[in-house]
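*Asks:* Below you'll find the structure I mean.
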There are 2 protein chains.
Amino acid sequence: MCEQRTRLGALVSGGGSNLQAVLDAIAAGTIHGDVVLVISDRPHAYALERARAAGIATAVLTPDAYPSREAYSQAIADCLQQASVDLVLYAGFMRIVTREAIAPFRGRMMNIHPALIPSFCGPGFYGRRVHEAALHYGVKVSGCTVHFVEEDVDGGPIIVQRTVPVLEDDTPETLAARILEQEHQAYVEAVRLFCAGRLRVEGRLVRILPERPVGV
Amino acid sequence: MCEQRTRLGALVSGGGSNLQAVLDAIAAGTIHGDVVLVISDRPHAYALERARAAGIATAVLTPDAYPSREAYSQAIADCLQQASVDLVLYAGFMRIVTREAIAPFRGRMMNIHPALIPSFCGPGFYGRRVHEAALHYGVKVSGCTVHFVEEDVDGGPIIVQRTVPVLEDDTPETLAARILEQEHQAYVEAVRLFCAGRLRVEGRLVRILPERPVGV
């Protein structure tokens with residue numbers, strides 16, 4: 001059986017714990033792929049250290065070095081394409097990119113959002129604000145969503161969702177921590193399915209194809 | 001220990017399987033309350049037969065007998081108040097009532113919605129349409145929400161939410177059936193907590209108070 005491994009690129013801004021979860025799953029053999037490039041908008045993002053520790057190439061692209069968001073997005077796309085990346089992972093990347101970066105990777109660029117889309121998502125819902133909104137609304141269940149990236153923020157086809165209970169004494173921090181544990185599992189699952197060729201996008205829907213028999 | 005049992009009223013339009021779940025939980029001793037009145041807008045709703053079989057008083061109030069939605073809502077409120085109802089349950093009731101019925105029972109009137117509010121809720125989202133919308137959007141998780149009724153449709157404080165997976169080959173019917181099983185459990189749980197005096201509404205939030213020690 002000849003199996004091609006998927007080349008992964010990651011976009012990071014912070015600690016990169018979701019990137020680490022993917023790296024761990026690769027090391028464990030769960031994900032049949034390799035992270036070949038990690039791009040950060042911040043030179044001191046801890047995720048870059050994780051990448052270097054794993055022997056992965058890194059690039060720092062700071063937005064203020066570019067005349068526009070479009071030019072910045074184009075630079076990211078160029079960088080990813082030069083590395084022949086098959087699948088791009090938003091892993092705590094705090095920039096919204098334009099179609100220059102999205103179009104070349106349609107159906108091949110994933111993001112994770114710390115809520116059950118379509119609840120508490122879209123422009124303005126990021127980081128702590130997502131959890132504040134959920135607690136303020138009074139939901140009893142929240143979770144996370146891995147989806148393909150489209151121009152519409154948080155609006156792309158949904159790949160995996162996982163849920164967590166909201167507890168009586170939750171703060172945005174405790175809720176975020178509970179969801180983050182599920183994010184790691186959800187992201188690994190989504191990447192695993194992609195690398196196994198088991199995701200098929202049909203319009204807004206992501207079909208999960210059955211496992212292929214070994215040896216076929 | 002002297003314990004007062006809660007007097008429940010239910011508003012129904014159809015089969016009343018959620019009403020039946022509550023009746024079963026009362027019979028099993030899970031819910032410390034009694035359904036004392038079932039009101040239907042349709043004379044042939046099967047839920048009325050369930051009520052009669054359980055020896056419960058019924059009333060049929062048809063909207064076309066009233067000059068306005070306000071007058072109809074007032075008639076419902078009068079009927080419930082004459083029966084000294086403590087808690088009103090929407091149990092598949094397909095009418096939207098006005099503040100004449102809602103205001104006297106604020107914090108004492110529950111509805112169940114077959115989605116994870118704030119997703120797929122509000123005006124126009126009822127019955128099959130809720131599940132069609134969820135499947136069309138492509139969510140991987142759905143569920144149900146028990147909430148207190150406010151004038152804002154599906155907008156009142158959330159008491160209980162339960163989740164179900166959305167499966168690859170789901171139709172609106174199969175998804176509805178999977179959620180309905182959870183609705184029965186969610187509704188029983190919400191009513192149980194109310195009857196045990198364990199729900200406290202604080203603005204938009206419903207606090208679930210700890211169980212009181214036996215004998216106190």
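If you're wondering about the labels, chains in the structure tokens are A, B, ... by order shown, residues count from 1 in each chain, ligands from 1 in order shown.
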Residues of chain A within 9 Å of chain B, counting only C-alpha atoms - could you list those as a PyMOL selection string?

*Replies:* chain A and resi 116-120+135-141+145+157-163+165+168+204-209

*Asks:* Compile the contact shell of B:Gln185 as a list in words: residues with an atom at most 12 Å away, counting only C-alpha atoms, same-chain residues fewer than 5 positions apart removed.

*Replies:*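 Here the qualifying residues turn out to be Ser17, Asn18, Leu19, Gln20, Ala21, Val22, Asp24, Ala25, Thr30, Ile31, Ile112, Gly143, Cys144, Thr145, Val146, Val160, Gln161, Arg162, Thr163, Arg178, Ile179, Leu180, Ala190, Val191 and Arg192 of chain B.
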
*Asks:* Taking the DSSP assignment computed from this structure's backbone, write out as number ranges by chain all residues of chain B that belong to strand (DSSP E or B).

*Replies:* B: 6-12, 33-40, 57-60, 87-91, 109-113, 141-148, 158-165, 199-202, 205-208

*Asks:* Restricting it to C-alpha atoms, dump the selection as a PDB file, in the first residue's frame.

*Replies:*
ATOM      1  CA  THR B   6     -46.755  21.664  42.378  1.00  0.00           C
ATOM      2  CA  ARG B   7     -49.890  22.086  40.253  1.00  0.00           C
ATOM      3  CA  LEU B   8     -49.040  21.751  36.569  1.00  0.00           C
ATOM      4  CA  GLY B   9     -51.006  22.884  33.532  1.00  0.00           C
ATOM      5  CA  ALA B  10     -50.125  21.899  29.973  1.00  0.00           C
ATOM      6  CA  LEU B  11     -50.845  23.538  26.625  1.00  0.00           C
ATOM      7  CA  VAL B  12     -51.047  21.036  23.773  1.00  0.00           C
ATOM      8  CA  GLY B  33     -46.282  17.591  41.183  1.00  0.00           C
ATOM      9  CA  ASP B  34     -49.550  16.851  39.458  1.00  0.00           C
ATOM     10  CA  VAL B  35     -50.932  17.814  36.090  1.00  0.00           C
ATOM     11  CA  VAL B  36     -54.298  19.326  36.972  1.00  0.00           C
ATOM     12  CA  LEU B  37     -55.342  20.769  33.591  1.00  0.00           C
ATOM     13  CA  VAL B  38     -54.579  20.187  29.923  1.00  0.00           C
ATOM     14  CA  ILE B  39     -55.654  22.888  27.457  1.00  0.00           C
ATOM     15  CA  SER B  40     -55.727  22.307  23.718  1.00  0.00           C
ATOM     16  CA  ALA B  57     -59.325  17.826  33.504  1.00  0.00           C
ATOM     17  CA  THR B  58     -59.185  19.125  29.942  1.00  0.00           C
ATOM     18  CA  ALA B  59     -60.279  22.277  28.174  1.00  0.00           C
ATOM     19  CA  VAL B  60     -60.477  23.069  24.474  1.00  0.00           C
ATOM     20  CA  LEU B  87     -46.331  25.930  36.389  1.00  0.00           C
ATOM     21  CA  VAL B  88     -47.489  25.960  32.763  1.00  0.00           C
ATOM     22  CA  LEU B  89     -45.912  23.626  30.213  1.00  0.00           C
ATOM     23  CA  TYR B  90     -45.983  24.253  26.508  1.00  0.00           C
ATOM     24  CA  ALA B  91     -46.096  20.678  25.275  1.00  0.00           C
ATOM     25  CA  MET B 109     -44.187  28.897  32.075  1.00  0.00           C
ATOM     26  CA  MET B 110     -41.840  26.553  30.196  1.00  0.00           C
ATOM     27  CA  ASN B 111     -41.396  25.684  26.551  1.00  0.00           C
ATOM     28  CA  ILE B 112     -39.201  23.122  24.827  1.00  0.00           C
ATOM     29  CA  HIS B 113     -37.521  23.891  21.519  1.00  0.00           C
ATOM     30  CA  VAL B 141     -24.557  18.501  16.758  1.00  0.00           C
ATOM     31  CA  SER B 142     -28.097  19.549  17.548  1.00  0.00           C
ATOM     32  CA  GLY B 143     -30.346  19.031  20.553  1.00  0.00           C
ATOM     33  CA  CYS B 144     -33.124  20.599  22.556  1.00  0.00           C
ATOM     34  CA  THR B 145     -33.648  23.465  24.959  1.00  0.00           C
ATOM     35  CA  VAL B 146     -36.127  23.896  27.801  1.00  0.00           C
ATOM     36  CA  HIS B 147     -36.589  27.571  28.626  1.00  0.00           C
ATOM     37  CA  PHE B 148     -38.924  29.903  30.422  1.00  0.00           C
ATOM     38  CA  ILE B 158     -32.577  28.565  29.454  1.00  0.00           C
ATOM     39  CA  ILE B 159     -33.170  25.826  32.027  1.00  0.00           C
ATOM     40  CA  VAL B 160     -31.836  22.610  30.437  1.00  0.00           C
ATOM     41  CA  GLN B 161     -30.145  21.726  27.146  1.00  0.00           C
ATOM     42  CA  ARG B 162     -29.361  18.278  25.826  1.00  0.00           C
ATOM     43  CA  THR B 163     -27.419  17.382  22.692  1.00  0.00           C
ATOM     44  CA  VAL B 164     -27.575  14.735  19.969  1.00  0.00           C
ATOM     45  CA  PRO B 165     -25.214  13.982  17.097  1.00  0.00           C
ATOM     46  CA  LEU B 199     -34.617  26.860  39.842  1.00  0.00           C
ATOM     47  CA  ARG B 200     -33.797  30.517  40.418  1.00  0.00           C
ATOM     48  CA  VAL B 201     -34.027  33.006  37.563  1.00  0.00           C
ATOM     49  CA  GLU B 202     -31.491  35.842  37.716  1.00  0.00           C
ATOM     50  CA  LEU B 205     -29.695  33.133  33.794  1.00  0.00           C
ATOM     51  CA  VAL B 206     -31.349  30.156  35.410  1.00  0.00           C
ATOM     52  CA  ARG B 207     -29.416  29.029  38.468  1.00  0.00           C
ATOM     53  CA  ILE B 208     -29.840  25.413  39.476  1.00  0.00           C
TER      54      ILE B 208
END

*Asks:* Mind checking DSSP for stretch 2-216 of chain B and telling me the helix (DSSP H, G or I) residues as a PyMOL selection string?

*Replies:* chain B and resi 17-27+46-53+63-65+69-82+99-105+128-137+172-195

*Asks:* Could you check how far atom CA of A:Thr174 sits from atom CA of A:Arg128, in Å to one decimal?

*Replies:*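 The value is 10.7 Å.
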
*Asks:* Give me the residues near B:Thr98 as a PDB file with C-alpha atoms, in the first residue's frame, where near means some atom within 12 Å (using only C-alpha atoms) and where sequence neighbours in that chain fewer than 6 positions away do not count.

*Replies:*
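What follows is the written file result-v2.pdb:
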ATOM      1  CA  SER B  68     -58.087  38.700  18.930  1.00  0.00           C
ATOM      2  CA  ARG B  69     -54.914  36.886  19.909  1.00  0.00           C
ATOM      3  CA  GLU B  70     -54.893  39.005  23.056  1.00  0.00           C
ATOM      4  CA  ALA B  71     -58.389  37.900  24.007  1.00  0.00           C
ATOM      5  CA  TYR B  72     -57.447  34.266  23.319  1.00  0.00           C
ATOM      6  CA  SER B  73     -54.352  34.596  25.469  1.00  0.00           C
ATOM      7  CA  GLN B  74     -56.400  36.142  28.253  1.00  0.00           C
ATOM      8  CA  ALA B  75     -58.829  33.229  28.115  1.00  0.00           C
ATOM      9  CA  ILE B  76     -55.951  30.780  28.464  1.00  0.00           C
ATOM     10  CA  ALA B  77     -54.546  32.699  31.428  1.00  0.00           C
ATOM     11  CA  PRO B 104     -49.109  36.213  34.911  1.00  0.00           C
ATOM     12  CA  PHE B 105     -46.819  33.174  34.583  1.00  0.00           C
ATOM     13  CA  VAL B 149     -41.353  31.634  28.086  1.00  0.00           C
ATOM     14  CA  GLU B 150     -40.952  35.353  27.460  1.00  0.00           C
ATOM     15  CA  GLU B 151     -42.633  37.585  24.859  1.00  0.00           C
ATOM     16  CA  ASP B 152     -39.486  37.184  22.737  1.00  0.00           C
ATOM     17  CA  VAL B 153     -40.118  33.845  20.927  1.00  0.00           C
TER      18      VAL B 153
END

*Asks:* State, in Å with one decimal place, the distance from atom CA of A:Arg42 to atom CA of A:Thr62.

*Replies:*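 Calculated distance between atom CA of A:Arg42 and atom CA of A:Thr62 is 6.4 Å.
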
*Asks:* Take atom CA of A:Ala51 and atom CA of A:Ala115 and report the distance between them in Å, one decimal.

*Replies:*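 Going from atom CA of A:Ala51 over to atom CA of A:Ala115 covers 26.6 Å.
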